[in-house]
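What follows is a single structure, written as C-alpha cells, with notes after it.
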Number of protein chains: 2
Amino acid sequence: MNDTLHAMRHSLAHIMAAAVQRLWPEAKFGIGPVVENGFYYDIDLGETKISEQEFKTIERVMRQIICEKQDFEHFTLPIDEAIEWALEKGQPYKAELLNDLKRSGTTVAKELDANEMGTIAEAGAAVDTVGFYRNGDFVDLCRGPHVENTKDVGVFKLMRVAGAYWRGNEKNPQMQRLYGVAFATKEELDAHLYMLEEAKKRDHRKLGRDLDLYTVSPLVGVGLPMFTPRGTVLRDMVAQYSNQLRQSYGFEKVWTPHITKKELYEASGHWAKFGEELFLVKSQETSDEMALKPMNCPHHTQIYASRPRSYRDMPVRYLETTTDYRDEKTGELGGLNRVRSLTQDDSHVFCRPDQIEQEINNLLGAAGELYQTIGMKLRVRLSYRDDSEAYLGDLELWQSAQSQLKSAVEANGLEYFEQEGEAAFYGPKIDFMATDAIGREHQVATVQLDFVQPERFGLEYTAEGGDMAQPVMIHCALLGSVERFLSVFIEHTGGWFPFWAAPEQLRILTINDTVLDYVSDIKSVLAETVLMTPVKYSELRYTVDSRNESLGKKIREATSMKIPVQLIVGPKDKEAGEVSIRTQSGEEKLRLSQLGDYLKSM
Amino acid sequence: MNDTLHAMRHSLAHIMAAAVQRLWPEAKFGIGPVVENGFYYDIDLGETKISEQEFKTIERVMRQIICEKQDFEHFTLPIDEAIEWALEKGQPYKAELLNDLKRSGTTVAKELDANEMGTIAEAGAAVDTVGFYRNGDFVDLCRGPHVENTKDVGVFKLMRVAGAYWRGNEKNPQMQRLYGVAFATKEELDAHLYMLEEAKKRDHRKLGRDLDLYTVSPLVGVGLPMFTPRGTVLRDMVAQYSNQLRQSYGFEKVWTPHITKKELYEASGHWAKFGEELFLVKSQETSDEMALKPMNCPHHTQIYASRPRSYRDMPVRYLETTTDYRDEKTGELGGLNRVRSLTQDDSHVFCRPDQIEQEINNLLGAAGELYQTIGMKLRVRLSYRDDSEAYLGDLELWQSAQSQLKSAVEANGLEYFEQEGEAAFYGPKIDFMATDAIGREHQVATVQLDFVQPERFGLEYTAEGGDMAQPVMIHCALLGSVERFLSVFIEHTGGWFPFWAAPEQLRILTINDTVLDYVSDIKSVLAETVLMTPVKYSELRYTVDSRNESLGKKIREATSMKIPVQLIVGPKDKEAGEVSIRTQSGEEKLRLSQLGDYLKSM
C-alpha cells in the first residue's frame with residue numbers, strides 16, 4: 001500500500017470516530033489503525049450496540065464531515081496535560097494508553113505496533129510529549145500521518161462490526177470494532193467489493209461441502225480434514241501431477257514414516273529450535289521419545305547417508321509427497337487453508353556446490369510449468385542474508401549461492417524482487433507467489449538452499465580428487481501443502497475445476513430409455529479415451545444419469561456439482577450418431593467418432 | 001503337527017537330556033518342550049558352555065540311546081516324594097517347579113503351557129501326585145505322551161544353542177537352550193534343512209541391503225524403515241496393484257489423517273480395549289489428547305457419516321492405502337516383518353445385511369486374483385463365534401453372516417477350514433494363508449465382518465420403506481501390511497521380482513561405444529512400451545550401462561542386482577537389428593521390432 005492510501009485510510013478512521021462521536025457523544029475510543037484494504041476503530045458505547053442498519057447513518061455523517069473540508073491539524077501536548085485532556089473528555093482508554101506511555105513509552109508503543117493495534121505515538125518518542133491531530137471538533141491522540149483535508153480521503157464503505165477485547169485481552173472490557181474499506185477511486189473500491197463477493201461465493205469451505213470434497217469430524221478433531229471419494233480424486237490428481245512433473249525433472253520417489261525418535265531432530269537442530277511446536281509421540285511399550293515429523297528433510301538425509309556417494313552420483317534428487325504434522329493453535333485452523341495434517345509435495349536435492357544454479361534452474365522450470373498449467377501468474381521473492389550474525393554457513397558459499405539463485409530466476413524470465421534479511425538462518429531462498437482468478441496473491445512454492453543440515457548430519461561424497469566433500473541441500477515444494485493448495489485451487493476455479501482435475505469429469509444425461517443402447521456405445525468411446533496431459537495415463541471419470549427425471553432437473557443437478565462436461569443424449573442424437581455437449585462455454589454437437597479427440601484436447 | 005510327530009519330538013527332548021546327562025553328569029535341567037519343527041531343552045551346566053563343536057558328540061550319544069531301544073515307562077509319585085527325588089538328584093529347577101505345583105498346581109501348569117515352556121503336569125492335575133517318565137537311567141518329571149521306545153523317534157539334527165533365562169525372567173539364572181529339529185523321515189528332514197538354507201539366502205533383511213531397497217537409521221528408530229528409490233518403486237508397484245485391483249472391484253479411494261483425538265476411539269471402543277497399545281500424541285499448543293491411528297475403520301466411519309445414505313447408495317466401498325502406527329515392543333521389531341509403521345491396503349464396505357454374501361464374494365475374487373498374480377497358493381480359515389458370551393451383536397445376524405461367508409468361500413473354490421471361537425468379538429472373519437516358494441505359510445489378507453462399529457457410531461441408511469436401518473461393515477486388507485507383504489514377497493521371489501514389480505526391470509549392457517546410436521533406437525522402443533498388466537499404464541524402468549568395462553563385469557553387476565532382463569548390445573546385434581536378451585531362463589535373440597511385445601508378455 002502506498003503512503004497516500006495509508007494516510008487516506010488512517011484519516012478515514014478519524015472521520016469515522018468523529019461521526020460516531022456526533023451520533024453518540026458518550027462514545028469512548030480505543031485505537032483506530034489502518035489494516036489491509038481499510039481501517040477500523042475500537043469503540044465502547046456501553047449498552048448501545050451498533051448494528052449494520054446504522055452503517056448508512058454513520059456513512060452519511062462521515063460524508064458530511066468530508067464535505068465540511070476540515071483540515072487535519074497536528075499539535076503536541078506535554079504528557080500530563082494529555083492525560084488531563086483524556087480524563088476531562090471522558091476517554092478512559094486514551095488515558096490508560098497515555099499513562100502507560102508515560103511509564104514506559106517505547107515499550108507500549110512497540111506492543112501496540114506489533115499487534116497492529118495502534119499508531120498513537122512515535123516508537124521511541126520521549127514520554128514527556130505526545131502528538132495529537134484535530135479535524136473539526138474531533139481530537140485524537142495520534143502520530144499520523146494524515147491527508148491534509150477531510151475532502152482528500154478517496155472512497156470508502158463500512159463493512160462490518162465485531163466484538164474485540166480492549167488490547168486483545170479477554171479480561172478487559174469488550175468493545176465494538178467497526179471496520180471499513182477504502183480506496184483512492186470508486187473503480188478500485190468496486191473491484192474490491194466484487195472480489196469480496198466472489199470470494200464469498202468461492203469460499204472453499206462452502207464448496208468443499210457442496211461439492212462433497214472433504215469432511216471434518218469433531219471426533220477426529222479440527223484441522224484434520226478427511227477426504228471423500230470426490231475430494232480424494234482431486235487431491236490425487238494434483239499430487240500425481242506434481243509427482244509426475246518432478247519425476248520428469250529427474251526426481252526419484254522415496255518413502256519415510258511419519259514419526260521419528262527425537263534423536264533425529266536433536267541431530268538436525270530442529271529439537272532445540274522448534275521442539276515446542278512439535279506433536280510429541282509417546283511410546284507406552286518403550287522409553288522412546290518420539291515426534292510426528294513437521295518436515296521431511298531430516299528423514300531424507302538418512303536415506304542419502306545410507307550408502308557411500310561419489311561426485312559422479314550427484315545430484316541425488318528425492319521426492320516424497322507425504323503428510324507432515326504441525327501443532328497449530330486450534331483457533332487458527334479452518335477449512336483446508338491451515339491444517340494440522342499438511343501433505344507436502346516435498347523434494348530434496350543433494351548436490352555439489354557447483355551444481356546449485358543448474359538445480360535451481362531445474363526447479364524453477366518445474367514450478368513455472370506447474371503454475372502455467374494451473375493458470376496462475378507467478379512472481380518470486382529472493383530472500384538473502386543481511387550483515388547480522390544470525391546466519392550459519394560459509395559467507396563465500398552464501399554469496400555464490402545468492403548470485404546463482406538470482407541468475408537462475410533471471411534466466412527463467414520470472415518477475416522478482418529481492419529482500420535482504422529474509423533468508424532462513426541455514427540458507428537463502430526463493431518464495432513463489434501466485435495470483436488467483438480474483439486477484440489475490442498466495443504464497444505457494446518455495447525453493448530453499450541449506451548449508452547447515454549436510455554439516456549437522458555429516459553428509460558427504462567422494463570428490464573427483466578422492467577427498468570427502470560436503471553436499472549442499474535444496475528443499476523445494478511446488479504445491480507447498482496439498483491441502484492449502486487445494487483451498488487456493490478451489491477458490492481460484494470457483495469449483496469449476498479444469499477437465500483433467502475434476503472429480504467427475506463428465507456426466508451422460510439421457511432424455512429417455514430408448515437411448516440406453518446408444519449410451520453403451522458412448523461408454524465404449526469413453527473407456528478408450530485416456531488423457532496424457534498434464535497427468536499421464538488418466539482414465540476418464542464419468543457417470544450416467546439415466547433416471548426417470550426431466551432433462552432440466554438432470555442438467556440442474558450436474559451443473560450444481562460443477563461437472564465440466566455434460567453429454568445430453570436423446571433419440572435424435574442416437575439416430576444421427578451424435579452427442580450434444582454442454583460445457584461452461586456453451587453447447588455444441590459432435591459426431592460420436594470425434595468425442596475422444598474433443599475430450600483429449602480440453 | 002500330528003500326535004505321533006509330537007510324541008517323537010518330545011521323546012527326543014528326553015533323549016537329548018539323557019545324552020547331556022551322560023556327558024555332563026552335573027547337568028541341571030529346566031524344561032524341554034516341543035516347538036515348531038522340533039524341540040529344545042533348557043540346561044544349566046554352570047561354567048561349562050556347549051558349543052556347536054559338541055553337537056556331533058551329543059548326537060552320537062543320542063543315537064547310542066536310540067540303539068539301546070529303551071522303553072519309555074510312565075509312573076507317578078506323591079508330590080512330596082517327587083520333591084525329595086529332585087533334591088536328591090541335584091535338580092533345583094525341577095524342585096522349584098514341583099514346589100510351585102504343590103502350592104498352586106493348575107496355575108503353574110497353565111503358566112508354563114501358555115509360554116509353550118512345559119509339558120510337565122496335566123493341567124488341573126491334583127497337586128498331590130505328579131507324573132514321571134523313565135527311559136534307561138534317565139528320569140524326568142513329565143506328563144507325556146511319548147513314543148513307546150527310543151528306537152521310534154524318526155530322524156533329528158541339533159541346530160543351535162542359545163542363552164535363555166530360567167522361566168523367561170531376566171532376574172533368574174541364564175541356562176543354555178539346546179535346539180533340535182526332528183521329522184518322521186530323512187526326506188522330510190532334508191527338505192526342512194534345504195528350506196532353512198534357502199530361507200537364509202532369501203532373508204529379506206540381507207536382500208533389502210544388497211538390492212538397496214530400504215534402510216533403517218538409529219536416529220529415526222527401529223521398526224521405522226525408510227525406502228530408497230528402488231524400494232519405493234517396489235512398494236508403489238505392489239500398492240498400486242492392490243489399489244487398481246480394488247478400484248476394478250468397485251472401491252473408491254478416500255484419504256484420512258494419521259492422527260485423531262482420542263474421542264474417536266472412545267466412541268469406537270478401541271480406547272478402552274487397546275488404549276495401552278497406542279502411540280499417544282501430545283499437543284503442546286492445545287489440551288487435545290490424541291493418538292496415532294493403529295487402524296482406519298473409525299476414520300472411515302466418519303466419511304460414511306458425513307452425509308445421508310439411502311438403500312440405493314449401498315454398498316459404499318472405500319479403499320485407502322495408508323500408514324498405521326502400532327507401538328510394538330522394540331525386541332519384536334526386525335526388518336520389514338514387524339514394524340511400527342505399517343502401511344495397510346485397507347478397505348471398508350458399508351452394506352445392507354442382505355448384501356454380505358455378494359460383498360464377500362467380491363472381496364474373495366479380488367484376493368484370489370491378487371495371489372494368483374503373486375504366484376502364491378491360498379487357503380483360508382473361517383473363524384466363527386462359539387457359545388460363549390464374548391460376542392457382541394445379534395445372534396441371528398451372526399448365524400446368517402457365518403453361513404454367507406462359507407457359501408462365498410465355497411463358491412470361490414477356496415481350500416478352507418473352520419474354527420469356532422476364533423471370531424473377533426465384533427464379527428466372524430476369513431483369514432487368508434499363502435504358501436511361499438519354499439513351503440512356508442504366511443498369514444496375509446483378512447476379511448472381517450463387523451456388527452459393532454456401525455452401532456457405536458450410529459451409522460445408518462434410509463431403508464426401502466423409509467425407516468432408518470443400520471449397515472454392516474466389512475474390513476478387508478488384501479496385502480495386509482505392505483511392509484510385511486514385502487518381507488514375504490522378497491523371500492518368496494528371492495529378490496528376483498517378477499518383471500512388472502522389479503525396481504529396475506531392464507538394463508542395456510553395451511559391448512563397446514560403436515553401438516551407442518543403436519542404443520538410442522532401443523531406448524525409443526522402450527519408451528513406447530507401456531505395460532498394462534497387472535499394473536495398468538506402467539512405463540518401463542531401465543538403465544544403460546555404457547561404461548568402459550568388460551561385458552563380464554557388467555553382466556555380473558546386473559545379475560547381482562537381480563535385474564530380470566539384460567539386453568546385451570554389440571556391433572553384430574546392431575548390424576542385424578537384433579538384441580540379445582539375457583534372463584534367468586537363459587539367452588535368446590530377438591529382432592528389435594519384436595522387443596516391445598516380448599516385454600509386454602513377460
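Numbering starts fresh at 1 for the residues of each chain in the C-alpha cells, the chains themselves are lettered A, B, ... in the order given, and ligands are numbered from 1 as they appear.
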
Which residues are near Met226 of chain B? Cut-off 7 Å, only C-alpha atoms, ignore same chain within fewer than 4 positions. Put them as an MDAnalysis selection string.
(chainID A and resid 255:257) or (chainID B and resid 214:216)

Keeping only all heavy atoms, write the selected residues as a PDB file, in the first residue's frame.
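The resulting file, part-v3.pdb, is shown below:
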ATOM      1  N   TRP A 255      10.263 -43.077   0.391  1.00  0.00           N
ATOM      2  CA  TRP A 255       9.169 -43.189   1.363  1.00  0.00           C
ATOM      3  C   TRP A 255       9.755 -43.196   2.776  1.00  0.00           C
ATOM      4  O   TRP A 255      10.683 -43.941   3.057  1.00  0.00           O
ATOM      5  CB  TRP A 255       8.372 -44.465   1.127  1.00  0.00           C
ATOM      6  CG  TRP A 255       7.140 -44.550   1.975  1.00  0.00           C
ATOM      7  CD1 TRP A 255       5.877 -44.183   1.613  1.00  0.00           C
ATOM      8  CD2 TRP A 255       7.031 -45.010   3.332  1.00  0.00           C
ATOM      9  NE1 TRP A 255       5.003 -44.381   2.652  1.00  0.00           N
ATOM     10  CE2 TRP A 255       5.674 -44.888   3.718  1.00  0.00           C
ATOM     11  CE3 TRP A 255       7.952 -45.512   4.262  1.00  0.00           C
ATOM     12  CZ2 TRP A 255       5.219 -45.243   4.991  1.00  0.00           C
ATOM     13  CZ3 TRP A 255       7.501 -45.858   5.537  1.00  0.00           C
ATOM     14  CH2 TRP A 255       6.141 -45.725   5.886  1.00  0.00           C
ATOM     15  N   THR A 256       9.200 -42.349   3.630  1.00  0.00           N
ATOM     16  CA  THR A 256       9.655 -42.332   5.028  1.00  0.00           C
ATOM     17  C   THR A 256       8.436 -42.332   5.950  1.00  0.00           C
ATOM     18  O   THR A 256       7.362 -41.875   5.567  1.00  0.00           O
ATOM     19  CB  THR A 256      10.506 -41.075   5.329  1.00  0.00           C
ATOM     20  OG1 THR A 256       9.695 -39.904   5.190  1.00  0.00           O
ATOM     21  CG2 THR A 256      11.700 -40.966   4.403  1.00  0.00           C
ATOM     22  N   PRO A 257       8.614 -42.848   7.167  1.00  0.00           N
ATOM     23  CA  PRO A 257       7.491 -42.887   8.111  1.00  0.00           C
ATOM     24  C   PRO A 257       7.175 -41.499   8.662  1.00  0.00           C
ATOM     25  O   PRO A 257       7.949 -40.559   8.473  1.00  0.00           O
ATOM     26  CB  PRO A 257       8.001 -43.808   9.218  1.00  0.00           C
ATOM     27  CG  PRO A 257       9.485 -43.685   9.162  1.00  0.00           C
ATOM     28  CD  PRO A 257       9.838 -43.447   7.721  1.00  0.00           C
TER      29      PRO A 257
ATOM     30  N   TYR B 214      15.722 -50.712   1.248  1.00  0.00           N
ATOM     31  CA  TYR B 214      15.314 -49.863   2.370  1.00  0.00           C
ATOM     32  C   TYR B 214      16.461 -49.711   3.344  1.00  0.00           C
ATOM     33  O   TYR B 214      17.465 -50.428   3.248  1.00  0.00           O
ATOM     34  CB  TYR B 214      14.069 -50.424   3.078  1.00  0.00           C
ATOM     35  CG  TYR B 214      14.302 -51.680   3.879  1.00  0.00           C
ATOM     36  CD1 TYR B 214      14.591 -51.608   5.245  1.00  0.00           C
ATOM     37  CD2 TYR B 214      14.233 -52.936   3.283  1.00  0.00           C
ATOM     38  CE1 TYR B 214      14.808 -52.771   5.987  1.00  0.00           C
ATOM     39  CE2 TYR B 214      14.451 -54.087   4.010  1.00  0.00           C
ATOM     40  CZ  TYR B 214      14.742 -54.005   5.363  1.00  0.00           C
ATOM     41  OH  TYR B 214      14.965 -55.141   6.092  1.00  0.00           O
ATOM     42  N   THR B 215      16.324 -48.783   4.254  1.00  0.00           N
ATOM     43  CA  THR B 215      17.370 -48.545   5.242  1.00  0.00           C
ATOM     44  C   THR B 215      16.716 -48.240   6.581  1.00  0.00           C
ATOM     45  O   THR B 215      15.556 -47.851   6.641  1.00  0.00           O
ATOM     46  CB  THR B 215      18.304 -47.392   4.794  1.00  0.00           C
ATOM     47  OG1 THR B 215      19.382 -47.290   5.724  1.00  0.00           O
ATOM     48  CG2 THR B 215      17.566 -46.053   4.784  1.00  0.00           C
ATOM     49  N   VAL B 216      17.464 -48.481   7.635  1.00  0.00           N
ATOM     50  CA  VAL B 216      16.982 -48.160   8.974  1.00  0.00           C
ATOM     51  C   VAL B 216      18.043 -47.281   9.619  1.00  0.00           C
ATOM     52  O   VAL B 216      19.227 -47.554   9.475  1.00  0.00           O
ATOM     53  CB  VAL B 216      16.765 -49.447   9.798  1.00  0.00           C
ATOM     54  CG1 VAL B 216      16.364 -49.103  11.217  1.00  0.00           C
ATOM     55  CG2 VAL B 216      15.702 -50.324   9.158  1.00  0.00           C
TER      56      VAL B 216
END

In-order C-alpha superposition of chain A on chain B by least squares yields an RMSD of 0.4 Å

Just need the residues of chain A within 8 Å of chain B, counting only C-alpha atoms, so spit them out as a PyMOL selection string.
chain A and resi 215+217+219-221+224-229+231-233+252-257+259-264+276-286+299+302-303+306+318+323+327-330+341+537

Can those selected residues be exported to a file as a PDB file, in the first residue's frame so that it contains C-alpha atoms?
ATOM      1  CA  THR A 215     -15.414 -33.506   5.807  1.00  0.00           C
ATOM      2  CA  SER A 217     -15.479 -34.675  12.325  1.00  0.00           C
ATOM      3  CA  LEU A 219     -14.398 -36.860  16.995  1.00  0.00           C
ATOM      4  CA  VAL A 220     -11.251 -36.683  14.855  1.00  0.00           C
ATOM      5  CA  GLY A 221     -10.621 -33.011  15.519  1.00  0.00           C
ATOM      6  CA  LEU A 224      -7.667 -32.818  10.405  1.00  0.00           C
ATOM      7  CA  PRO A 225      -9.871 -32.910   7.291  1.00  0.00           C
ATOM      8  CA  MET A 226     -10.825 -36.256   5.761  1.00  0.00           C
ATOM      9  CA  PHE A 227     -11.282 -36.506   2.022  1.00  0.00           C
ATOM     10  CA  THR A 228     -14.328 -38.157   0.466  1.00  0.00           C
ATOM     11  CA  PRO A 229     -14.019 -40.132  -2.783  1.00  0.00           C
ATOM     12  CA  GLY A 231     -12.073 -34.932  -2.817  1.00  0.00           C
ATOM     13  CA  THR A 232      -9.553 -37.758  -2.931  1.00  0.00           C
ATOM     14  CA  VAL A 233      -9.648 -37.781  -6.728  1.00  0.00           C
ATOM     15  CA  GLU A 252      13.026 -40.227  -7.612  1.00  0.00           C
ATOM     16  CA  LYS A 253      10.351 -41.181  -5.112  1.00  0.00           C
ATOM     17  CA  VAL A 254      11.322 -42.254  -1.619  1.00  0.00           C
ATOM     18  CA  TRP A 255       9.169 -43.189   1.363  1.00  0.00           C
ATOM     19  CA  THR A 256       9.655 -42.332   5.028  1.00  0.00           C
ATOM     20  CA  PRO A 257       7.491 -42.887   8.111  1.00  0.00           C
ATOM     21  CA  ILE A 259       7.345 -40.405  13.154  1.00  0.00           C
ATOM     22  CA  THR A 260      10.907 -40.472  14.390  1.00  0.00           C
ATOM     23  CA  LYS A 261      12.860 -40.666  17.592  1.00  0.00           C
ATOM     24  CA  LYS A 262      13.700 -37.208  18.844  1.00  0.00           C
ATOM     25  CA  GLU A 263      17.386 -38.010  18.284  1.00  0.00           C
ATOM     26  CA  LEU A 264      16.878 -37.186  14.584  1.00  0.00           C
ATOM     27  CA  GLU A 276       7.822 -26.817  21.460  1.00  0.00           C
ATOM     28  CA  GLU A 277       5.918 -26.692  18.195  1.00  0.00           C
ATOM     29  CA  LEU A 278       6.063 -30.444  17.583  1.00  0.00           C
ATOM     30  CA  PHE A 279       3.425 -33.052  18.244  1.00  0.00           C
ATOM     31  CA  LEU A 280       5.166 -35.327  20.734  1.00  0.00           C
ATOM     32  CA  VAL A 281       4.614 -39.052  20.407  1.00  0.00           C
ATOM     33  CA  LYS A 282       4.732 -41.219  23.484  1.00  0.00           C
ATOM     34  CA  SER A 283       5.505 -44.907  23.262  1.00  0.00           C
ATOM     35  CA  GLN A 284       3.863 -46.833  26.073  1.00  0.00           C
ATOM     36  CA  GLU A 285       5.858 -50.005  25.358  1.00  0.00           C
ATOM     37  CA  THR A 286       9.312 -48.435  25.293  1.00  0.00           C
ATOM     38  CA  HIS A 299      14.453 -38.281   7.222  1.00  0.00           C
ATOM     39  CA  GLN A 302      19.196 -40.653   6.367  1.00  0.00           C
ATOM     40  CA  ILE A 303      18.410 -42.215   3.003  1.00  0.00           C
ATOM     41  CA  SER A 306      22.589 -44.990   3.815  1.00  0.00           C
ATOM     42  CA  TYR A 318      14.420 -37.308  -3.858  1.00  0.00           C
ATOM     43  CA  THR A 323       1.847 -35.814   5.360  1.00  0.00           C
ATOM     44  CA  ASP A 327       0.689 -28.384  16.188  1.00  0.00           C
ATOM     45  CA  GLU A 328      -1.155 -25.239  15.115  1.00  0.00           C
ATOM     46  CA  LYS A 329      -3.302 -23.439  17.655  1.00  0.00           C
ATOM     47  CA  THR A 330      -6.903 -24.601  17.226  1.00  0.00           C
ATOM     48  CA  SER A 341      -2.126 -32.570   8.781  1.00  0.00           C
ATOM     49  CA  TYR A 537      -2.492 -42.146 -18.291  1.00  0.00           C
TER      50      TYR A 537
END

Contacts of Ser560 of chain B at 12 Å or less, counting only C-alpha atoms, minus same-chain residues fewer than 4 places along, as a PyMOL selection string?
chain B and resi 207+210-212+494-496+553-556+564+566+584

Grab the residues selected above and save them as a compact mmCIF listing (two decimals), in the first residue's frame with N, CA and C atoms.
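Result file again29.txt:
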# COMPACT_ATOMS: atom_id res chain seq x y z
N LEU B 207 18.69 -59.19 1.59
CA LEU B 207 18.37 -58.73 0.23
C LEU B 207 17.99 -57.25 0.22
N ASP B 210 21.37 -55.66 0.08
CA ASP B 210 22.10 -55.93 -1.17
C ASP B 210 21.43 -55.28 -2.38
N LEU B 211 20.11 -55.27 -2.39
CA LEU B 211 19.39 -54.73 -3.55
C LEU B 211 19.00 -53.27 -3.33
N ASP B 212 19.47 -52.67 -2.21
CA ASP B 212 19.24 -51.25 -1.93
C ASP B 212 17.75 -50.90 -1.92
N GLY B 494 13.04 -64.47 -3.69
CA GLY B 494 14.49 -64.43 -3.51
C GLY B 494 15.10 -63.18 -4.12
N GLY B 495 14.29 -62.12 -4.28
CA GLY B 495 14.80 -60.87 -4.84
C GLY B 495 14.70 -60.82 -6.36
N TRP B 496 14.38 -61.97 -6.97
CA TRP B 496 14.14 -61.98 -8.44
C TRP B 496 12.67 -61.66 -8.65
N LYS B 553 31.95 -58.11 -16.44
CA LYS B 553 31.73 -57.34 -15.22
C LYS B 553 30.33 -56.73 -15.22
N LYS B 554 29.93 -56.22 -16.40
CA LYS B 554 28.60 -55.61 -16.48
C LYS B 554 27.51 -56.64 -16.20
N ILE B 555 27.68 -57.84 -16.75
CA ILE B 555 26.68 -58.89 -16.52
C ILE B 555 26.66 -59.29 -15.05
N ARG B 556 27.86 -59.44 -14.47
CA ARG B 556 27.91 -59.83 -13.05
C ARG B 556 27.19 -58.80 -12.18
N PRO B 564 15.78 -58.42 -13.97
CA PRO B 564 15.20 -59.56 -14.69
C PRO B 564 15.58 -59.63 -16.17
N GLN B 566 18.36 -58.43 -19.09
CA GLN B 566 19.58 -57.75 -19.52
C GLN B 566 19.61 -57.78 -21.05
N GLN B 584 16.73 -64.98 -16.42
CA GLN B 584 17.03 -66.13 -15.58
C GLN B 584 16.84 -67.44 -16.33

Report as a PDB file with C-alpha atoms, in the first residue's frame all protein, DNA and RNA residues lying within 7 Å of segment 49-60 of chain A, evaluated on only C-alpha atoms, omitting residues in the same chain fewer than 5 positions from it.
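The result, stored in around.pdb:
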ATOM      1  CA  ALA A  19     -19.042  10.637  13.051  1.00  0.00           C
ATOM      2  CA  VAL A  20     -19.645   8.163  15.872  1.00  0.00           C
ATOM      3  CA  LEU A 158     -18.283   0.418   6.203  1.00  0.00           C
ATOM      4  CA  ARG A 160     -18.863  -4.926   9.477  1.00  0.00           C
TER       5      ARG A 160
END

Env of Arg456 of chain B: 10 Å cut, atoms = only C-alpha atoms, seq-sep filter 2 positions within chain, self excluded. Answer as a ChimeraX atom specification.
/B:266-269,451-454,458-459

Can you list, as a PyMOL selection string, every residue of segment 159-397 of chain A that DSSP puts in strand (DSSP E or B)?
chain A and resi 159-165+174-183+214-215+226-227+252-253+255+259-261+280-282+289-292+310+316-325+334+338+341-351+377-384

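Between atom CA of Ala558 of chain B and atom CA of Arg246 of chain A the interatomic distance comes to 27.0 Å.
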
Backbone-only DSSP, alpha helix (DSSP H) members of segment 166-269 of chain B, as a PyMOL selection string
chain B and resi 186-202+204-210+229-248+262-268

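Here atom CA of Asn149 of chain B stands at a distance of 11.8 Å from atom CA of His14 of chain B.
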
Can you tell me which residues surround Glu73 of chain A at a distance of at most 7 Å, considering only C-alpha atoms, apart from same-chain residues fewer than 4 positions away, and format the answer as a VMD selection string?
chain A and resid 133 to 135

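Comparing the minimum interatomic distances between Leu193 of chain B and each of B:Asp394, B:Asp44, B:Arg352, B:Ile438, counting only C-alpha atoms, we find that B:Ile438 sits nearest.
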
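One distance worth recording is that between atom CA of Tyr165 of chain B and atom CA of Ile79 of chain B, which is 25.6 Å.
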
Give me the residues near Leu382 of chain A as a PDB file with C-alpha atoms, in the first residue's frame, where near means some atom within 8 Å (using only C-alpha atoms) and where sequence neighbours in that chain fewer than 5 positions away do not count.
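Listed below is the output, part05.pdb:
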ATOM      1  CA  LEU A 405      19.696 -18.003  -7.345  1.00  0.00           C
ATOM      2  CA  LYS A 406      19.359 -14.637  -8.993  1.00  0.00           C
ATOM      3  CA  TYR A 416      11.102 -10.976  -8.914  1.00  0.00           C
ATOM      4  CA  PHE A 417      12.045  -8.710  -6.036  1.00  0.00           C
ATOM      5  CA  GLU A 418      14.891  -9.057  -3.568  1.00  0.00           C
ATOM      6  CA  GLN A 419      14.828  -8.781   0.221  1.00  0.00           C
ATOM      7  CA  PRO A 428      18.914 -18.132   1.034  1.00  0.00           C
ATOM      8  CA  LYS A 429      15.582 -18.945  -0.598  1.00  0.00           C
ATOM      9  CA  ILE A 430      13.065 -18.220  -3.325  1.00  0.00           C
ATOM     10  CA  ASP A 431       9.388 -17.828  -2.395  1.00  0.00           C
TER      11      ASP A 431
END

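With only C-alpha atoms as the atoms that count, the residue of A:Lys523, A:Arg63, A:His6, A:Arg177 with the shortest distance to Val155 of chain A is A:Arg63.
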
Taking into account only C-alpha atoms, which residue in the set A:Asp467, A:Glu491, A:Asp346, A:Glu26 is nearest to Gln448 of chain A?
A:Asp346
